[in-house]
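Data file: query-v5.txt. Format and content: compact mmCIF, C-alpha atoms.
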# COMPACT_ATOMS: atom_id res chain seq x y z
CA MET K 557 3.07 -26.87 -23.21
CA LEU K 558 -0.42 -28.15 -23.94
CA ASN K 559 -2.12 -27.54 -27.23
CA GLU K 560 -5.83 -27.44 -27.95
CA LYS K 561 -5.94 -31.14 -28.85
CA ASP K 562 -4.72 -32.12 -25.36
CA ILE K 563 -7.52 -30.33 -23.52
CA LYS K 564 -10.11 -32.60 -21.95
CA PRO K 565 -13.53 -31.66 -20.53
CA ILE K 566 -13.86 -31.01 -16.82
CA PRO K 567 -14.18 -34.44 -15.08
CA LYS K 568 -17.63 -35.01 -13.59
CA TYR K 569 -16.29 -35.57 -10.07
CA MET K 570 -14.32 -32.31 -10.31
CA LEU K 571 -17.35 -30.46 -11.60
CA LYS K 572 -19.26 -31.59 -8.50
CA LEU K 573 -16.42 -30.45 -6.23
CA ILE K 574 -16.32 -27.05 -7.93
CA GLN K 575 -20.08 -26.61 -7.66
CA ARG K 576 -20.03 -27.63 -3.99
CA ARG K 577 -17.26 -25.12 -3.26
CA ASP K 578 -19.04 -22.40 -5.23
CA LYS K 579 -22.26 -22.87 -3.27
CA LYS K 580 -20.29 -22.71 -0.03
CA ASP K 581 -18.43 -19.53 -1.03
CA TYR K 582 -21.42 -17.85 -2.70
CA PRO K 583 -24.61 -19.22 -1.14
CA GLU K 584 -26.75 -16.61 -2.91
CA GLN K 585 -25.38 -17.77 -6.30
CA SER K 586 -25.59 -14.34 -7.92
CA GLY K 587 -25.09 -13.67 -11.63
CA HIS K 588 -21.51 -12.40 -11.46
CA THR K 589 -18.57 -14.56 -12.61
CA ARG K 590 -16.52 -16.54 -10.06
CA TYR K 591 -13.23 -18.34 -10.67
CA TYR K 592 -11.80 -21.64 -9.39
CA ALA K 593 -8.95 -23.87 -10.46
CA TYR K 594 -8.04 -27.54 -10.29
CA LEU K 595 -4.79 -29.41 -10.83
CA THR K 596 -4.12 -32.22 -13.27
CA LYS K 597 -1.16 -33.48 -15.27
CA HIS K 598 -0.07 -33.61 -18.89
CA LYS K 599 2.96 -35.67 -19.94
CA LYS K 600 4.12 -35.89 -16.30
CA GLU K 601 3.91 -32.11 -15.91
CA LEU K 602 1.67 -30.39 -13.35
CA VAL K 603 -1.08 -28.32 -15.00
CA LYS K 604 -3.57 -25.85 -13.53
CA ILE K 605 -6.94 -25.38 -15.20
CA THR K 606 -8.91 -22.27 -14.31
CA VAL K 607 -12.68 -22.33 -14.68
CA ALA K 608 -15.32 -19.60 -14.59
CA CYS K 609 -18.70 -20.11 -12.93
CA ARG K 610 -21.91 -18.19 -13.24
CA ASN K 611 -25.64 -18.47 -12.59
CA LYS K 612 -28.62 -17.44 -14.62
CA GLY K 613 -31.89 -18.11 -12.91
CA LYS K 614 -31.73 -21.61 -11.44
CA ASN K 615 -29.08 -22.78 -13.90
CA TRP K 616 -25.40 -23.02 -12.96
CA TYR K 617 -22.73 -22.79 -15.64
CA CYS K 618 -19.05 -23.68 -15.52
CA LYS K 619 -16.43 -23.49 -18.29
CA GLN K 620 -12.65 -23.75 -18.70
CA VAL K 621 -11.07 -20.37 -19.43
CA ALA K 622 -7.31 -20.73 -18.81
CA ILE K 623 -4.72 -23.52 -18.65
CA HIS K 624 -1.29 -23.04 -17.08
CA ASP K 625 1.78 -25.26 -17.20
CA VAL K 626 3.99 -25.04 -14.11
CA HIS K 627 7.13 -24.27 -16.14
CA SER K 628 5.81 -22.30 -19.10
CA PRO K 629 5.66 -18.49 -19.34
CA TYR K 630 2.67 -18.96 -21.66
CA CYS K 631 -0.83 -20.21 -21.04
CA LEU K 632 -3.90 -21.09 -23.10
CA VAL K 633 -6.93 -18.82 -22.82
CA LYS K 634 -10.46 -19.17 -24.10
CA ASP K 635 -13.31 -16.63 -24.05
CA MET K 636 -11.57 -14.47 -21.44
CA GLU K 637 -10.14 -10.97 -21.77
CA PHE K 638 -8.10 -8.81 -19.42
CA ILE K 639 -9.21 -5.17 -19.37
CA MET K 640 -6.99 -2.72 -17.50
CA ILE K 641 -9.80 -1.03 -15.57
CA ALA K 642 -12.48 -3.74 -15.44
CA GLY K 643 -10.15 -6.68 -14.77
CA TYR K 644 -10.99 -10.11 -16.18
CA VAL K 645 -14.12 -10.52 -18.31
CA VAL K 646 -15.54 -13.85 -19.50
CA GLY K 647 -17.83 -14.29 -22.50
CA TRP K 648 -20.80 -16.63 -22.14
CA HIS K 649 -22.19 -16.62 -25.67
CA GLU K 650 -21.35 -20.29 -26.24
CA GLN K 651 -23.51 -21.15 -23.22
CA GLY K 652 -26.40 -19.09 -24.61
CA LEU K 653 -26.27 -16.40 -21.92
CA THR K 654 -25.68 -13.53 -24.33
CA LYS K 655 -27.27 -12.78 -27.70
CA TYR K 656 -24.02 -11.78 -29.40
CA PRO K 657 -20.40 -12.79 -28.72
CA ARG K 658 -17.79 -10.23 -27.63
CA TRP K 659 -15.19 -9.32 -30.26
CA TRP K 660 -12.59 -11.49 -28.47
CA GLU K 661 -14.99 -14.37 -27.79
CA THR K 662 -14.07 -16.87 -30.54
CA GLY K 663 -14.75 -20.15 -28.75
CA LYS K 664 -11.16 -21.22 -29.53
CA TRP K 665 -8.09 -21.57 -27.34
CA GLY K 666 -5.30 -19.03 -27.86
CA GLU K 667 -1.84 -18.55 -26.42
CA ALA K 668 -1.13 -15.66 -24.03
CA TYR K 669 1.42 -14.57 -21.44
CA THR K 670 0.82 -16.22 -18.07
CA GLN K 671 1.40 -12.99 -16.14
CA TYR K 672 -1.65 -11.39 -17.75
CA PHE K 673 -4.07 -14.26 -17.25
CA ASN K 674 -3.14 -15.64 -13.84
CA VAL K 675 -6.53 -14.75 -12.37
CA TYR K 676 -7.13 -15.24 -8.64
CA ALA K 677 -8.85 -18.62 -8.31
CA PRO K 678 -9.00 -20.89 -5.23
CA ILE K 679 -7.55 -24.32 -6.06
CA ILE K 680 -9.98 -27.14 -5.40
CA ASN K 681 -7.45 -30.01 -5.14
CA VAL K 682 -4.15 -28.45 -4.09
CA ASP K 683 -3.09 -31.78 -2.48
CA TYR K 684 -2.83 -33.21 -6.00
CA ALA K 685 0.56 -31.52 -6.41
CA LEU K 686 1.98 -33.67 -3.59
CA LYS K 687 1.55 -36.77 -5.80
CA PHE K 688 4.46 -35.59 -7.94
CA PRO K 689 7.75 -36.94 -6.54
CA GLN K 690 9.50 -33.61 -6.99
CA TYR K 691 6.83 -31.81 -4.92
CA LYS K 692 6.18 -34.50 -2.29
CA TYR K 693 7.91 -32.53 0.47
CA SER K 694 7.20 -29.04 -0.86
CA ALA K 695 4.49 -28.17 1.73
CA VAL K 696 2.54 -26.65 -1.16
CA ASP K 697 -0.69 -27.66 0.59
CA LYS K 698 0.24 -25.23 3.38
CA TYR K 699 1.09 -22.36 1.03
CA PRO K 700 -1.74 -19.79 1.47
CA SER K 701 -1.59 -18.05 -1.92
CA THR K 702 -3.34 -19.38 -5.01
CA ASN K 703 -0.22 -18.68 -7.07
CA ILE K 704 1.32 -22.05 -6.18
CA PHE K 705 3.16 -22.43 -9.50
CA LYS K 706 5.37 -19.47 -8.64
CA TYR K 707 6.10 -21.06 -5.28
CA LEU K 708 6.85 -24.48 -6.78
CA ARG K 709 9.29 -23.00 -9.27
CA TYR K 710 11.18 -21.37 -6.41
CA TYR K 711 11.01 -24.59 -4.40
CA GLU K 712 12.61 -26.55 -7.23
CA GLN K 713 15.55 -24.16 -7.17
CA TYR K 714 15.63 -23.50 -3.41
CA PRO K 715 14.25 -26.39 -1.31
CA GLN K 716 14.61 -24.12 1.75
CA ALA K 717 11.31 -22.52 0.71
CA GLU K 718 9.53 -25.49 2.31
CA LEU K 719 10.90 -24.59 5.78
CA LEU K 720 9.74 -21.00 5.42
CA VAL K 721 6.22 -22.19 4.66
CA LYS K 722 6.18 -24.72 7.52
CA PHE K 723 7.38 -22.13 10.02
CA GLY K 724 4.70 -19.61 9.09
CA LEU K 725 6.72 -17.44 6.69
CA PRO K 726 5.08 -18.26 3.33
CA TYR K 727 5.27 -14.71 1.98
CA TYR K 728 9.06 -14.84 2.18
CA ALA K 729 9.16 -18.21 0.39
CA THR K 730 9.07 -16.49 -3.00
CA SER K 731 11.65 -13.84 -2.17
CA LYS K 732 14.73 -14.67 -4.24
CA MET K 733 16.93 -12.58 -1.92
CA ILE K 734 15.76 -14.49 1.16
CA LEU K 735 16.06 -17.88 -0.53
CA ARG K 736 19.56 -17.19 -1.86
CA LYS K 737 20.73 -16.03 1.54
CA THR K 738 19.15 -19.05 3.25
CA SER K 739 20.79 -21.47 0.82
CA LYS K 740 24.24 -19.94 1.33
CA ASP K 741 24.07 -19.12 5.06
CA LYS K 742 22.59 -21.82 7.28
CA ARG K 743 22.86 -19.59 10.33
CA PHE K 744 20.59 -17.06 8.63
CA GLY K 745 18.00 -19.81 8.08
CA LYS K 746 18.17 -20.82 11.75
CA TRP K 747 17.88 -17.17 12.77
CA LEU K 748 14.74 -16.82 10.62
CA ILE K 749 13.18 -19.86 12.26
CA ARG K 750 14.02 -18.64 15.79
CA ASN K 751 12.33 -15.31 15.03
CA SER K 752 9.57 -16.70 12.81
CA SER K 753 6.71 -15.87 15.21
CA GLU K 754 7.67 -12.20 15.44
CA ILE K 755 8.39 -11.94 11.71
CA ALA K 756 5.08 -13.56 10.75
CA LEU K 757 3.14 -11.33 13.13
CA ASN K 758 4.65 -8.05 11.92
CA GLY K 759 5.42 -8.70 8.24
CA TYR K 760 8.84 -7.05 8.28
CA TYR K 761 10.54 -5.77 5.12
CA VAL K 762 13.10 -8.09 3.54
CA SER K 763 15.69 -5.36 4.04
CA THR K 764 14.77 -5.31 7.74
CA LEU K 765 15.51 -9.03 8.06
CA PHE K 766 18.94 -8.68 6.46
CA LYS K 767 19.90 -5.65 8.52
CA ALA K 768 18.64 -7.08 11.82
CA TYR K 769 20.51 -10.34 11.18
CA LYS K 770 23.71 -8.50 10.33
CA THR K 771 23.62 -5.97 13.20
CA ARG K 772 21.87 -8.14 15.81
CA LYS K 773 19.58 -5.22 16.56
CA PRO K 774 15.92 -5.78 17.52
CA LEU K 775 13.71 -6.37 14.50
CA ALA K 776 11.15 -3.75 15.55
CA LYS K 777 13.84 -1.08 15.91
CA VAL K 778 15.34 -1.88 12.51
CA GLN K 779 11.88 -1.86 10.91
CA LYS K 780 11.16 1.58 12.36
CA ALA K 781 14.44 2.86 10.87
CA GLU K 782 13.58 1.33 7.48
CA GLU K 783 10.13 2.94 7.53
CA ASP K 784 11.70 6.30 8.41
CA ARG K 785 14.12 5.86 5.51
CA LYS K 786 11.27 5.18 3.07
CA THR K 787 9.36 8.20 4.36
CA PHE K 788 12.44 10.40 4.13
CA CYS K 789 13.41 9.29 0.62
CA GLN K 790 9.93 9.20 -0.93
CA LYS K 791 8.31 12.36 0.42
CA CYS K 792 9.03 15.56 -1.46
CA ASN K 793 8.27 17.95 1.42
CA TYR K 794 11.53 17.31 3.31
CA ALA K 795 13.77 19.28 0.96
CA GLU K 796 15.35 21.32 3.78
CA ILE K 797 16.34 18.18 5.70
CA LYS K 798 17.69 16.54 2.55
CA ALA K 799 19.80 19.64 1.90
CA LEU K 800 21.27 19.23 5.39
CA PHE K 801 21.90 15.49 5.18
CA LYS K 802 23.04 14.76 1.62
CA THR K 803 25.33 11.72 1.59
CA GLU K 804 24.31 8.15 2.40
CA LYS K 805 26.43 8.28 5.55
CA GLN K 806 24.77 11.52 6.68
CA ILE K 807 21.30 10.08 6.01
CA GLU K 808 22.17 7.01 8.12
CA GLN K 809 23.42 9.33 10.86
CA PHE K 810 20.19 11.35 10.74
CA LEU K 811 17.91 8.29 10.84
CA GLU K 812 19.91 6.78 13.70
CA TYR K 813 19.59 10.09 15.55
CA ILE K 814 15.81 10.16 15.02
CA ALA K 815 15.53 6.62 16.41
CA THR K 816 17.83 7.27 19.38
CA GLN K 817 16.01 10.48 20.33
CA ASP K 818 12.63 8.70 20.09
CA THR K 819 11.24 11.35 17.75
CA ASN K 820 10.10 11.46 14.11
CA ILE K 821 10.91 13.18 10.84
CA PRO K 822 7.96 15.66 10.89
CA SER K 823 9.06 16.88 14.35
CA TYR K 824 12.61 17.36 13.11
CA ALA K 825 11.30 19.23 10.05
CA ASP K 826 9.37 21.47 12.45
CA TYR K 827 12.56 22.07 14.49
CA LEU K 828 14.70 22.74 11.40
CA ASN K 829 12.22 25.24 10.03
CA ALA K 830 12.32 27.15 13.34
CA CYS K 831 16.13 27.11 13.39
CA ASN K 832 16.36 28.41 9.83
CA TYR K 833 13.84 31.13 10.62
CA LEU K 834 15.96 32.19 13.59
CA GLY K 835 19.11 32.25 11.42
CA LEU K 836 21.03 29.57 13.35
CA ASP K 837 24.13 27.95 11.85
CA MET K 838 22.96 24.42 11.07
CA SER K 839 26.45 23.25 10.11
CA GLN K 840 27.24 23.07 13.84
CA ASP K 841 26.47 19.71 15.45
CA LYS K 842 24.95 21.38 18.52
CA ASN K 843 22.25 22.86 16.27
CA ARG K 844 21.97 20.10 13.66
CA LEU K 845 21.86 17.19 16.13
CA PRO K 846 21.25 18.59 19.63
CA HIS K 847 22.00 16.24 22.52
CA ASN K 848 18.48 16.49 23.96
CA PHE K 849 16.20 16.93 20.97
CA LYS K 850 12.92 17.34 22.83
CA ARG K 851 14.29 20.10 25.04
CA TRP K 852 15.88 22.04 22.21
CA HIS K 853 12.91 21.45 19.92
CA ASP K 854 10.61 23.11 22.46
CA ILE K 855 13.07 26.00 23.04
CA ARG K 856 13.50 26.75 19.33
CA ILE K 857 9.78 26.55 18.68
CA ASP K 858 9.09 29.04 21.48
CA GLU K 859 11.77 31.36 20.10
CA TYR K 860 10.30 30.98 16.63
CA ARG K 861 6.82 31.88 17.86
CA THR K 862 8.11 34.94 19.67
CA ALA K 863 10.08 36.13 16.64
CA LYS K 864 7.08 35.65 14.42
CA ALA K 865 4.78 37.48 16.84
CA LEU K 866 7.14 40.49 16.93
CA LYS K 867 6.98 41.02 13.19
CA ASP K 868 5.76 44.28 11.84
CA LYS K 869 2.06 44.75 12.61
CA GLN K 870 1.25 45.96 9.12
CA GLU K 871 2.87 42.90 7.56
CA ARG K 872 0.80 40.72 9.84
CA GLU K 873 -2.38 42.53 8.91
CA GLU K 874 -1.59 42.12 5.22
CA LEU K 875 -0.96 38.40 5.78
CA TYR K 876 -4.30 37.96 7.55
CA ALA K 877 -6.15 39.91 4.85
CA LYS K 878 -4.55 37.90 2.04
CA PHE K 879 -5.21 34.64 3.90
CA ALA K 880 -8.89 35.55 4.38
CA SER K 881 -9.19 36.45 0.68
CA ILE K 882 -7.79 33.08 -0.42
CA ALA K 883 -10.01 31.24 2.08
CA GLU K 884 -13.05 33.05 0.71
CA LYS K 885 -12.07 32.10 -2.84
CA TYR K 886 -11.93 28.39 -2.03
CA LEU K 887 -14.92 28.22 0.33
CA PRO K 888 -16.81 25.97 -2.17
CA LEU K 889 -14.32 23.16 -1.37
CA GLN K 890 -15.82 22.88 2.12
CA ARG K 891 -18.28 20.02 2.64
CA ASP K 892 -21.03 19.45 5.21
CA LYS K 893 -23.37 17.08 3.32
CA ASP K 894 -22.36 13.90 5.14
CA ASN K 895 -23.74 12.42 8.34
CA THR K 896 -20.40 11.80 10.05
CA TYR K 897 -17.84 14.45 9.10
CA VAL K 898 -17.65 18.05 7.88
CA VAL K 899 -14.74 19.76 6.13
CA VAL K 900 -13.94 23.44 6.73
CA ILE K 901 -11.17 25.59 5.30
CA ALA K 902 -8.77 27.52 7.56
CA LYS K 903 -9.87 31.18 7.64
CA SER K 904 -6.74 32.73 9.18
CA PRO K 905 -3.21 31.94 10.38
CA ALA K 906 -4.66 31.97 13.89
CA ASP K 907 -6.81 28.99 12.89
CA LEU K 908 -3.64 27.12 11.90
CA ILE K 909 -1.93 27.95 15.19
CA ASN K 910 -4.95 26.85 17.20
CA GLU K 911 -5.23 23.61 15.23
CA GLY K 912 -1.53 22.84 15.65
CA GLU K 913 -1.50 23.54 19.39
CA ILE K 914 -4.53 21.38 20.16
CA LEU K 915 -3.48 18.49 17.88
CA HIS K 916 0.22 18.80 18.79
CA HIS K 917 1.51 19.08 15.21
CA CYS K 918 3.29 21.71 13.15
CA VAL K 919 0.53 23.16 10.94
CA GLY K 920 0.59 26.46 12.85
CA ARG K 921 4.33 26.71 13.35
CA MET K 922 5.81 26.11 9.90
CA ASN K 923 5.22 27.91 6.61
CA TYR K 924 1.77 26.53 5.84
CA ASP K 925 0.29 30.05 6.03
CA GLN K 926 2.73 31.21 3.32
CA ARG K 927 1.94 28.23 1.10
CA PHE K 928 -1.73 29.03 1.64
CA ILE K 929 -1.51 32.66 0.50
CA ARG K 930 0.70 31.66 -2.47
CA GLU K 931 -2.09 29.22 -3.40
CA GLU K 932 0.32 26.31 -3.40
CA SER K 933 -1.62 24.27 -0.87
CA LEU K 934 -4.69 24.81 1.28
CA ILE K 935 -5.36 23.66 4.83
CA PHE K 936 -8.69 22.04 5.68
CA PHE K 937 -9.99 20.76 8.99
CA ILE K 938 -11.97 17.52 9.32
CA ARG K 939 -14.50 17.74 12.12
CA ASP K 940 -16.91 15.29 13.69
CA LYS K 941 -20.35 16.57 12.72
CA ASN K 942 -21.53 16.30 16.34
CA THR K 943 -18.59 18.38 17.62
CA PRO K 944 -17.70 20.73 14.72
CA ASP K 945 -15.66 23.12 16.90
CA ILE K 946 -13.22 20.51 18.22
CA PRO K 947 -10.04 19.91 16.14
CA PHE K 948 -9.90 16.33 14.90
CA VAL K 949 -7.91 15.80 11.65
CA THR K 950 -5.91 18.26 9.52
CA ILE K 951 -5.46 18.05 5.73
CA GLU K 952 -2.97 19.77 3.42
CA TYR K 953 -4.38 19.83 -0.12
CA SER K 954 -2.26 20.64 -3.19
CA LEU K 955 -3.94 23.03 -5.64
CA LYS K 956 -1.45 22.11 -8.36
CA GLN K 957 -1.55 18.31 -7.99
CA HIS K 958 -5.22 18.09 -6.91
CA LYS K 959 -4.37 15.61 -4.17
CA VAL K 960 -4.02 15.36 -0.39
CA LEU K 961 -0.38 15.89 0.61
CA GLN K 962 -0.82 15.26 4.34
CA CYS K 963 -3.60 13.97 6.57
CA TYR K 964 -2.84 13.78 10.29
CA GLY K 965 -4.61 13.63 13.60
CA ASP K 966 -3.26 14.26 17.10
CA LYS K 967 0.57 14.10 17.33
CA ASP K 968 0.95 13.36 13.61
CA SER K 969 -1.02 10.13 13.97
CA LYS K 970 -2.60 8.44 10.97
CA PRO K 971 -6.42 8.74 11.01
CA ASN K 972 -8.55 5.59 11.09
CA GLU K 973 -9.83 3.89 7.93
CA GLN K 974 -13.26 5.51 8.20
CA VAL K 975 -11.73 9.00 8.10
CA LEU K 976 -9.31 8.08 5.30
CA ASN K 977 -12.14 6.62 3.20
CA PHE K 978 -14.16 9.79 3.73
CA VAL K 979 -11.21 12.01 2.74
CA ASN K 980 -10.12 10.01 -0.33
CA LYS K 981 -13.43 8.72 -1.66
CA LYS K 982 -15.88 11.48 -0.79
CA TRP K 983 -14.23 14.80 -0.04
CA LEU K 984 -11.29 14.66 -2.49
CA PRO K 985 -13.41 13.97 -5.63
CA TYR K 986 -15.87 16.62 -4.42
CA ALA K 987 -13.07 19.18 -3.87
CA ASN K 988 -11.48 18.51 -7.27
CA LYS K 989 -14.84 18.96 -8.97
CA LYS K 990 -15.44 22.27 -7.17
CA LEU K 991 -11.91 23.41 -7.98
CA LYS K 992 -12.61 23.00 -11.72
CA GLN K 993 -15.70 25.17 -11.34
CA ILE K 994 -13.66 27.88 -9.61
CA ALA K 995 -11.00 27.76 -12.32
Entire entry expressed as structure tokens:
Amino acid sequence: MLNEKDIKPIPKYMLKLIQRRDKKDYPEQSGHTRYYAYLTKHKKELVKITVACRNKGKNWYCKQVAIHDVHSPYCLVKDMEFIMIAGYVVGWHEQGLTKYPRWWETGKWGEAYTQYFNVYAPIINVDYALKFPQYKYSAVDKYPSTNIFKYLRYYEQYPQAELLVKFGLPYYATSKMILRKTSKDKRFGKWLIRNSSEIALNGYYVSTLFKAYKTRKPLAKVQKAEEDRKTFCQKCNYAEIKALFKTEKQIEQFLEYIATQDTNIPSYADYLNACNYLGLDMSQDKNRLPHNFKRWHDIRIDEYRTAKALKDKQEREELYAKFASIAEKYLPLQRDKDNTYVVVIAKSPADLINEGEILHHCVGRMNYDQRFIREESLIFFIRDKNTPDIPFVTIEYSLKQHKVLQCYGDKDSKPNEQVLNFVNKKWLPYANKKLKQIA
């Protein structure tokens, strides 16, 4: 590990290279801080020096702020602080850019944990690492991440990492599970290379790779099953399904069934809710896992609708009145100030049914109306401002958690980024603010 006495100024030729790269990356040369890094050596060890750059007027400034040794968990830091919310902050008092120094800006080098000061910084001379005999064949120059020290440490232990990088799988080259398997099972390594194009294109989970290799099933099919598993295990609104499929074996059976029937978990949740409402015995395989899911899904949903429609008229009227009262209470959470989208609250159970039928999802067929009147969650409709009467995207909003639980378009599809940005960055903060005023 270097100490302060070993630190040398930035070489002039390197300073020119950094400035040239900085002008290329930031032609406007604004006053915010940019970071770069260059490689050098100390006592035959590879060292990375991170620098910070900044402009003030026509003047360009560059200073060393962090020094990392390839094998050390510690680094040296100078005039730089990591703040949880703001990120990395550099002090420029020594360069005369600020009147007073920050409290942490001492002008001296101090030791810190590498993991907290490994700032993102493009490496100016990454080829330099290839001059070291131990890294000559590492393909580090083809590794796309700036965190090359992590990669080189793995490469020293598992030389197979080089092949993963060369065959377009660099993001698996620092997976210890993948590297261990590759080192012990040559056939697995060959299988990875044969499928490298598909893997690189789709970015499959590590667990997907292991399972697809073991079962010889198509990667895309295994990935879909893994995604369903994550959805099933992580979401809290599938309690009824989880009560039906409890053991690991039963969960595997359920996920395999979903994949085989070419359906999805929300559709099954819709089906199960209808079956429970109708009082069917879900311990029987013919009900729990019907042979033709789509056919029996549609039958049970129709039966469910009929049973619900035949309920006592007075009970229905009370439901509609309560629903309207709750909708009126939370009207301030609606929003129509933006140029692109408007947000309206559901005014009645009929609104939910209409929304669900047009967008082919379950908002009108499950117990969302009951959650609404219990003030557990509210249903809002996102509309295009030019066509405010046409269903577009549906939101379930939790009054207790102050967050969006679900946000789906037609056939439970995920909305585009523009809609999601509007929901999360504009409407959600607005709704939470209004909710506090109501409370």
### Task
Could you give me, as a PyMOL selection string, the residues within 7 Å of range 759-762 of chain K, counting all atoms listed in the file and dropping anything in the same chain fewer than 4 positions from it?
chain K and resi 755+766+779
### Task
List the neighbours of range 581-592 of chain K out to 6 Å using all atoms listed in the file; skip same-chain residues closer than 2 positions along the sequence, and give me the result as a list in words.
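Counting only the stated atoms, we get Asp578, Lys579, Thr606, Val607, Ala608, Cys609, Arg610, Asn611, Lys612, Ala677 and Pro678 of chain K.
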Generate a file of the selected residues that holds C-alpha atoms, formatted as a PDB file, keeping the file's coordinate frame.
ATOM      1  CA  ASP K 578     -19.040 -22.400  -5.230  1.00  0.00           C
ATOM      2  CA  LYS K 579     -22.260 -22.870  -3.270  1.00  0.00           C
ATOM      3  CA  THR K 606      -8.910 -22.270 -14.310  1.00  0.00           C
ATOM      4  CA  VAL K 607     -12.680 -22.330 -14.680  1.00  0.00           C
ATOM      5  CA  ALA K 608     -15.320 -19.600 -14.590  1.00  0.00           C
ATOM      6  CA  CYS K 609     -18.700 -20.110 -12.930  1.00  0.00           C
ATOM      7  CA  ARG K 610     -21.910 -18.190 -13.240  1.00  0.00           C
ATOM      8  CA  ASN K 611     -25.640 -18.470 -12.590  1.00  0.00           C
ATOM      9  CA  LYS K 612     -28.620 -17.440 -14.620  1.00  0.00           C
ATOM     10  CA  ALA K 677      -8.850 -18.620  -8.310  1.00  0.00           C
ATOM     11  CA  PRO K 678      -9.000 -20.890  -5.230  1.00  0.00           C
TER      12      PRO K 678
END
#### Entry: Residue contacts of Ser753 in chain K (12 Å, all atoms listed in the file) excluding same-chain residues fewer than 4 positions away, as a ChimeraX atom specification
/K:720,722-725,747-749,757-760,775
### Query
So which residues touch Asp940 in chain K within 7 Å, counting all atoms listed in the file, skipping near sequence neighbours fewer than 2 positions away, as a ChimeraX atom specification?
/K:896-898,938,942-944
### Message
Applying 12 Å and only C-alpha atoms, which residues near Tyr707 in chain K remain after dropping the ones on its own chain fewer than 5 positions away? List them as a PyMOL selection string.
### Response
chain K and resi 626-627+685+691+694-702+712-718+720-721+726-732+735
### Message
Quick check, in Å to one decimal: how far apart do CA of Ser904 in chain K and CA of Ala883 in chain K lie?
### Response
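CA of Ala883 in chain K lies 8.0 Å from CA of Ser904 in chain K.
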Proximity of range 817-930 of chain K to range 952-962 of chain K: per-residue shortest pair, 10 Å limit, all atoms listed in the file, as a Markdown table:
| residue | atom | partner | partner_atom | distance |
| --- | --- | --- | --- | --- |
| K:Val919 | CA | K:Glu952 | CA | 9.0 |
| K:Tyr924 | CA | K:Glu952 | CA | 8.6 |
| K:Arg927 | CA | K:Ser954 | CA | 9.7 |
| K:Phe928 | CA | K:Glu952 | CA | 9.5 |
